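Engineer: File follows, coords.tsv with TSV, C-alpha atoms and all ligand atoms:
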chain	number	residue	atom	x	y	z
A	1	MET	CA	21.66	-19.23	-9.23
A	2	SER	CA	19.42	-16.27	-9.78
A	3	LEU	CA	18.58	-14.22	-6.65
A	4	ILE	CA	14.94	-13.89	-7.65
A	5	GLN	CA	12.80	-16.90	-8.51
A	6	PRO	CA	9.32	-17.01	-10.11
A	7	THR	CA	8.27	-19.13	-7.12
A	8	ASP	CA	9.06	-16.27	-4.70
A	9	ALA	CA	5.99	-14.78	-3.02
A	10	LEU	CA	5.72	-11.03	-3.71
A	11	GLY	CA	5.42	-9.86	-0.08
A	12	PRO	CA	8.55	-11.59	1.25
A	13	LEU	CA	10.39	-10.66	-1.95
A	14	ALA	CA	9.60	-6.95	-1.42
A	15	SER	CA	10.55	-7.26	2.24
A	16	ALA	CA	13.90	-8.93	1.54
A	17	HIS	CA	14.73	-6.56	-1.35
A	18	PRO	CA	13.38	-3.04	-0.65
A	19	THR	CA	14.93	-1.59	-3.82
A	20	ALA	CA	12.72	-3.97	-5.85
A	21	VAL	CA	9.60	-2.20	-4.52
A	22	PRO	CA	9.55	0.66	-7.12
A	23	VAL	CA	9.83	-1.92	-9.92
A	24	LEU	CA	6.96	-4.02	-8.53
A	25	TRP	CA	4.92	-0.83	-8.16
A	26	ASP	CA	5.65	0.31	-11.75
A	27	LEU	CA	4.60	-3.10	-13.08
A	28	GLY	CA	1.39	-3.10	-11.03
A	29	LEU	CA	2.43	-6.23	-9.09
A	30	ASP	CA	0.68	-6.22	-5.70
A	31	PHE	CA	3.26	-6.86	-2.99
A	32	CYS	CA	1.08	-5.76	-0.07
A	33	CYS	CA	-2.43	-7.25	0.13
A	34	GLY	CA	-1.64	-9.67	-2.72
A	35	GLY	CA	1.74	-10.46	-1.17
A	36	ALA	CA	1.14	-14.21	-0.83
A	37	GLN	CA	0.95	-14.62	-4.61
A	38	THR	CA	4.09	-15.86	-6.39
A	39	LEU	CA	5.94	-13.61	-8.81
A	40	GLY	CA	5.39	-16.12	-11.62
A	41	GLN	CA	1.64	-16.28	-11.08
A	42	ALA	CA	1.33	-12.50	-10.80
A	43	CYS	CA	3.26	-12.07	-14.08
A	44	THR	CA	0.98	-14.57	-15.81
A	45	ASP	CA	-2.11	-12.74	-14.55
A	46	LYS	CA	-0.74	-9.39	-15.75
A	47	GLY	CA	0.47	-10.75	-19.10
A	48	LEU	CA	4.11	-9.97	-18.22
A	49	ASP	CA	7.09	-11.98	-19.44
A	50	VAL	CA	8.43	-13.76	-16.34
A	51	ARG	CA	12.10	-13.83	-17.38
A	52	GLN	CA	12.16	-10.17	-18.36
A	53	THR	CA	10.44	-9.25	-15.10
A	54	VAL	CA	12.94	-11.26	-13.04
A	55	ALA	CA	15.80	-9.52	-14.91
A	56	ARG	CA	14.25	-6.10	-14.26
A	57	ILE	CA	13.87	-6.82	-10.55
A	58	GLU	CA	17.42	-8.17	-10.30
A	59	ALA	CA	18.77	-5.01	-11.95
A	60	ALA	CA	17.09	-3.00	-9.17
A	61	LEU	CA	18.84	-5.05	-6.46
A	62	THR	CA	22.14	-3.28	-7.18
A	63	VAL	CA	20.61	0.13	-6.34
A	64	GLN	CA	21.86	1.58	-3.05
A	65	SER	CA	19.00	2.64	-0.78
A	66	ASP	CA	19.37	5.38	1.84
A	67	GLN	CA	16.50	3.80	3.82
A	68	PRO	CA	17.19	1.38	6.70
A	69	HIS	CA	16.46	-2.23	5.78
A	70	TRP	CA	13.10	-2.56	7.54
A	71	ALA	CA	13.19	-6.36	7.54
A	72	ARG	CA	16.17	-6.09	9.93
A	73	ALA	CA	15.90	-2.68	11.65
A	74	PRO	CA	14.89	-2.71	15.35
A	75	LEU	CA	11.09	-2.91	15.75
A	76	PRO	CA	10.79	0.40	17.70
A	77	ALA	CA	12.52	2.20	14.79
A	78	LEU	CA	10.19	0.52	12.31
A	79	ILE	CA	7.13	1.54	14.35
A	80	ASP	CA	8.41	5.15	14.59
A	81	HIS	CA	8.87	5.16	10.83
A	82	LEU	CA	5.35	3.79	10.21
A	83	VAL	CA	3.78	6.41	12.46
A	84	ASP	CA	5.86	9.40	11.29
A	85	ARG	CA	5.95	8.66	7.60
A	86	PHE	CA	2.54	7.04	7.01
A	87	HIS	CA	0.12	7.57	9.92
A	88	GLN	CA	0.73	11.27	10.67
A	89	PRO	CA	0.07	12.65	7.17
A	90	MET	CA	-2.94	10.45	6.39
A	91	PRO	CA	-5.81	12.57	7.88
A	92	ALA	CA	-4.66	15.67	5.95
A	93	ASP	CA	-4.13	13.62	2.77
A	94	LEU	CA	-7.66	12.23	3.04
A	95	ASP	CA	-9.08	15.72	3.71
A	96	ARG	CA	-7.40	16.97	0.52
A	97	LEU	CA	-8.74	14.04	-1.53
A	98	LYS	CA	-12.25	14.57	-0.14
A	99	ALA	CA	-12.20	18.31	-0.94
A	100	MET	CA	-11.07	17.65	-4.51
A	101	ALA	CA	-13.63	14.88	-4.99
A	102	GLU	CA	-16.46	17.05	-3.61
A	103	LYS	CA	-15.55	19.89	-5.95
A	104	LEU	CA	-15.43	17.53	-8.96
A	105	VAL	CA	-18.82	16.04	-8.09
A	106	ARG	CA	-20.26	19.55	-7.76
A	107	VAL	CA	-18.86	20.81	-11.06
A	108	HIS	CA	-18.84	17.72	-13.30
A	109	GLY	CA	-20.90	15.14	-11.40
A	110	ASP	CA	-24.04	15.46	-13.52
A	111	ARG	CA	-22.21	14.49	-16.72
A	112	HIS	CA	-19.74	12.07	-15.03
A	113	PRO	CA	-21.59	9.98	-12.43
A	114	ARG	CA	-18.45	7.94	-11.73
A	115	LEU	CA	-17.05	10.92	-9.84
A	116	ALA	CA	-19.68	10.50	-7.11
A	117	ARG	CA	-18.67	6.87	-6.70
A	118	MET	CA	-15.00	7.90	-6.45
A	119	ARG	CA	-15.93	10.41	-3.74
A	120	ASP	CA	-17.85	7.69	-1.89
A	121	VAL	CA	-14.87	5.31	-2.04
A	122	VAL	CA	-12.60	8.03	-0.64
A	123	LEU	CA	-15.12	8.50	2.20
A	124	ALA	CA	-15.16	4.73	2.78
A	125	LEU	CA	-11.35	4.69	2.91
A	126	GLU	CA	-11.40	7.45	5.50
A	127	ALA	CA	-14.06	5.67	7.58
A	128	ASP	CA	-11.95	2.49	7.55
A	129	LEU	CA	-8.46	3.89	7.86
A	130	LEU	CA	-8.67	6.52	10.60
A	131	PRO	CA	-9.98	4.03	13.24
A	132	HIS	CA	-7.48	1.48	11.91
A	133	LEU	CA	-4.55	3.83	12.61
A	134	MET	CA	-5.91	4.46	16.12
A	135	LYS	CA	-6.11	0.71	16.83
A	136	GLU	CA	-2.53	0.24	15.72
A	137	GLU	CA	-1.23	3.20	17.68
A	138	GLN	CA	-3.23	2.58	20.85
A	139	ILE	CA	-3.38	-1.23	21.04
A	140	LEU	CA	-1.11	-3.18	18.73
A	141	PHE	CA	2.04	-1.05	18.57
A	142	PRO	CA	2.22	-0.64	22.38
A	143	LEU	CA	1.87	-4.44	22.75
A	144	ILE	CA	4.76	-4.97	20.34
A	145	LEU	CA	6.88	-2.29	22.04
A	146	ALA	CA	6.22	-3.99	25.39
A	147	GLY	CA	7.74	-7.20	23.98
A	148	ARG	CA	4.36	-8.94	23.83
A	149	GLY	CA	4.06	-9.16	20.05
A	150	ALA	CA	3.99	-12.97	20.14
A	151	GLN	CA	0.65	-12.76	21.97
A	152	ALA	CA	-0.81	-10.28	19.47
A	153	GLY	CA	-2.18	-12.86	17.01
A	154	GLY	CA	-5.78	-11.63	17.45
A	155	PRO	CA	-5.13	-7.91	16.80
A	156	VAL	CA	-2.74	-8.75	13.94
A	157	HIS	CA	-5.44	-10.87	12.30
A	158	VAL	CA	-7.91	-7.97	12.51
A	159	MET	CA	-5.32	-5.57	11.03
A	160	HIS	CA	-4.76	-7.98	8.12
A	161	LEU	CA	-8.50	-8.06	7.40
A	162	GLU	CA	-8.65	-4.26	7.50
A	163	HIS	CA	-5.65	-4.00	5.17
A	164	ASP	CA	-7.40	-6.33	2.72
A	165	ALA	CA	-10.54	-4.18	2.86
A	166	ALA	CA	-8.49	-1.03	2.15
A	167	GLY	CA	-6.76	-2.89	-0.71
A	168	GLU	CA	-10.15	-3.65	-2.25
A	169	LEU	CA	-11.15	0.02	-2.07
A	170	LEU	CA	-7.87	1.02	-3.73
A	171	ALA	CA	-8.53	-1.54	-6.48
A	172	GLU	CA	-12.00	-0.07	-7.01
A	173	LEU	CA	-10.50	3.43	-7.32
A	174	ARG	CA	-7.96	2.12	-9.82
A	175	ALA	CA	-10.76	0.65	-11.92
A	176	LEU	CA	-12.97	3.78	-11.65
A	177	THR	CA	-10.08	6.06	-12.69
A	178	ASP	CA	-8.76	3.82	-15.51
A	179	ASP	CA	-5.51	3.40	-13.56
A	180	HIS	CA	-5.40	7.11	-12.67
A	181	THR	CA	-5.61	8.20	-16.33
A	182	PRO	CA	-7.65	11.42	-16.60
A	183	PRO	CA	-9.99	11.78	-19.57
A	184	GLU	CA	-9.00	14.24	-22.28
A	185	GLU	CA	-11.46	16.90	-21.12
A	186	ALA	CA	-10.33	16.72	-17.47
A	187	CYS	CA	-9.74	20.07	-15.76
A	188	GLY	CA	-6.79	20.84	-13.50
A	189	THR	CA	-8.59	19.73	-10.33
A	190	TRP	CA	-9.52	16.44	-11.97
A	191	ARG	CA	-5.91	15.79	-13.03
A	192	GLY	CA	-4.69	16.83	-9.59
A	193	PHE	CA	-7.19	14.48	-7.96
A	194	TYR	CA	-5.99	11.47	-9.96
A	195	SER	CA	-2.37	12.35	-9.32
A	196	ALA	CA	-3.05	12.71	-5.57
A	197	LEU	CA	-4.95	9.40	-5.58
A	198	LYS	CA	-2.02	7.66	-7.23
A	199	THR	CA	0.41	9.07	-4.66
A	200	PHE	CA	-1.95	8.08	-1.83
A	201	GLU	CA	-2.20	4.55	-3.18
A	202	GLY	CA	1.59	4.23	-3.45
A	203	GLU	CA	2.08	5.41	0.13
A	204	LEU	CA	-0.66	3.15	1.48
A	205	MET	CA	0.77	0.12	-0.33
A	206	GLN	CA	4.24	0.73	1.12
A	207	HIS	CA	2.67	1.27	4.55
A	208	ILE	CA	0.63	-1.94	4.46
A	209	HIS	CA	3.57	-3.84	2.98
A	210	LEU	CA	5.86	-2.86	5.87
A	211	GLU	CA	3.23	-3.94	8.40
A	212	ASN	CA	2.14	-7.18	6.70
A	213	ASN	CA	5.57	-8.34	5.59
A	214	ALA	CA	8.02	-6.86	8.10
A	215	LEU	CA	6.44	-5.71	11.38
A	216	PHE	CA	3.71	-8.31	11.97
A	217	PRO	CA	5.67	-11.50	11.17
A	218	ARG	CA	8.65	-10.35	13.21
A	219	ALA	CA	6.45	-9.32	16.16
A	220	LEU	CA	4.53	-12.63	16.06
A	221	ALA	CA	7.84	-14.51	16.01
A	222	GLY	CA	8.60	-12.91	19.39
A	223	GLU	CA	11.22	-10.35	18.41
A	301	FE	FE	-0.34	1.45	10.00
A	302	FE	FE	-2.19	-1.06	9.21
Translate this file's structure into structure tokens.
Structural biologist:
Amino acid sequence: MSLIQPTDALGPLASAHPTAVPVLWDLGLDFCCGGAQTLGQACTDKGLDVRQTVARIEAALTVQSDQPHWARAPLPALIDHLVDRFHQPMPADLDRLKAMAEKLVRVHGDRHPRLARMRDVVLALEADLLPHLMKEEQILFPLILAGRGAQAGGPVHVMHLEHDAAGELLAELRALTDDHTPPEEACGTWRGFYSALKTFEGELMQHIHLENNALFPRALAGE
């Protein structure tokens, strides 16, 4: 029997098979905030052939990853990874995005009013995400590290809602930027801004995926 089924939900699939994540990302299949959706349904919505997609994902399962398997690694190691890899760089990444967006609004904003909306969405992401990281680092992660994750249903619920809100802002940026495709006349800063946005989105999706699909369920189960 095939390892991957169209009835598999995208979040658990990505969690069980980390080397499938780049394929899901390339295909635009949302394994983090949309992780409850089945692979089959997501393919239908995106107009992708289900059998070809399953074959492509299965081909990726043979890839050797040098990353620990975060669905099985000890929770303290997973939390260290989340903080070091995703939390620490985020304030500087957001500062860079804001500076680029401000410059673009200043130089091109009068002829391209969408740029001001992009800048505002970046500001909204910052306003949501920086307090979110603090709540995880100061409240939720210490609870989990103290072995009290099973009692953390309330904070985990709030984190899920905040992840969904960030996912909606990312979706708005994707729509505003035509999937990070710069217009022909775009200058270097504009191209750099879209490229940085795309990288930021990829990192944030991996980050939210590891929390929603690996850390939170395992902590709630009392690990
Ligand atoms: Fe986080
Ligand atoms: Fe989070």
Engineer: Step by step, measure atom-to-atom distances between ligand FE 302 (chain A) and each residue using only C-alpha atoms and all ligand atoms, keep those at most 12 Å, then write them as JSON, numbers by chain.
Structural biologist: {"A": [32, 33, 79, 82, 83, 86, 87, 90, 128, 129, 130, 131, 132, 133, 134, 135, 136, 137, 139, 140, 141, 155, 156, 157, 158, 159, 160, 161, 162, 163, 164, 165, 166, 167, 203, 204, 205, 206, 207, 208, 209, 210, 211, 212, 213, 214, 215, 216]}
Engineer: Taking only C-alpha atoms and all ligand atoms into account, which of A:Ala127, A:Leu78, A:Glu184, A:Ala116 comes nearest ligand FE 301 (chain A)?
Structural biologist: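 Looking only at the distances to ligand FE 301 (chain A), the closest residue turns out to be A:Leu78.
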Engineer: Find the distance between atom CA of Ile57 of chain A and atom CA of Ala20 of chain A and write it in Å to one decimal.
Structural biologist: 5.6 Å
Engineer: Just the number, please: distance in Å from atom CA of Leu170 of chain A to atom CA of Glu201 of chain A, one decimal.
Structural biologist: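 Separation of atom CA of Leu170 of chain A and atom CA of Glu201 of chain A: 6.7 Å.
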Engineer: What lies within 12 Å of segment 105-109 of chain A using all atoms listed in the file, ignoring chain neighbours under 3 positions off, as an NGL selection string?
Structural biologist: :A and (98-102 or 112-120 or 185-187 or 189-190 or 193)
Engineer: Return the single residue from A:Ser2, A:Ser15, A:Gln88, A:Thr7 that is closest to ligand FE 301 (chain A), with distances computed using only C-alpha atoms and all ligand atoms.
Structural biologist: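 Closest candidate: A:Gln88.
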Engineer: When distances are computed from all atoms listed in the file, which of A:Asp8, A:Asp178, A:Asp110, A:His17 shows the smallest separation from Gln67 of chain A?
Structural biologist: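 Ranked by minimum distance to Gln67 of chain A, first place goes to A:His17.
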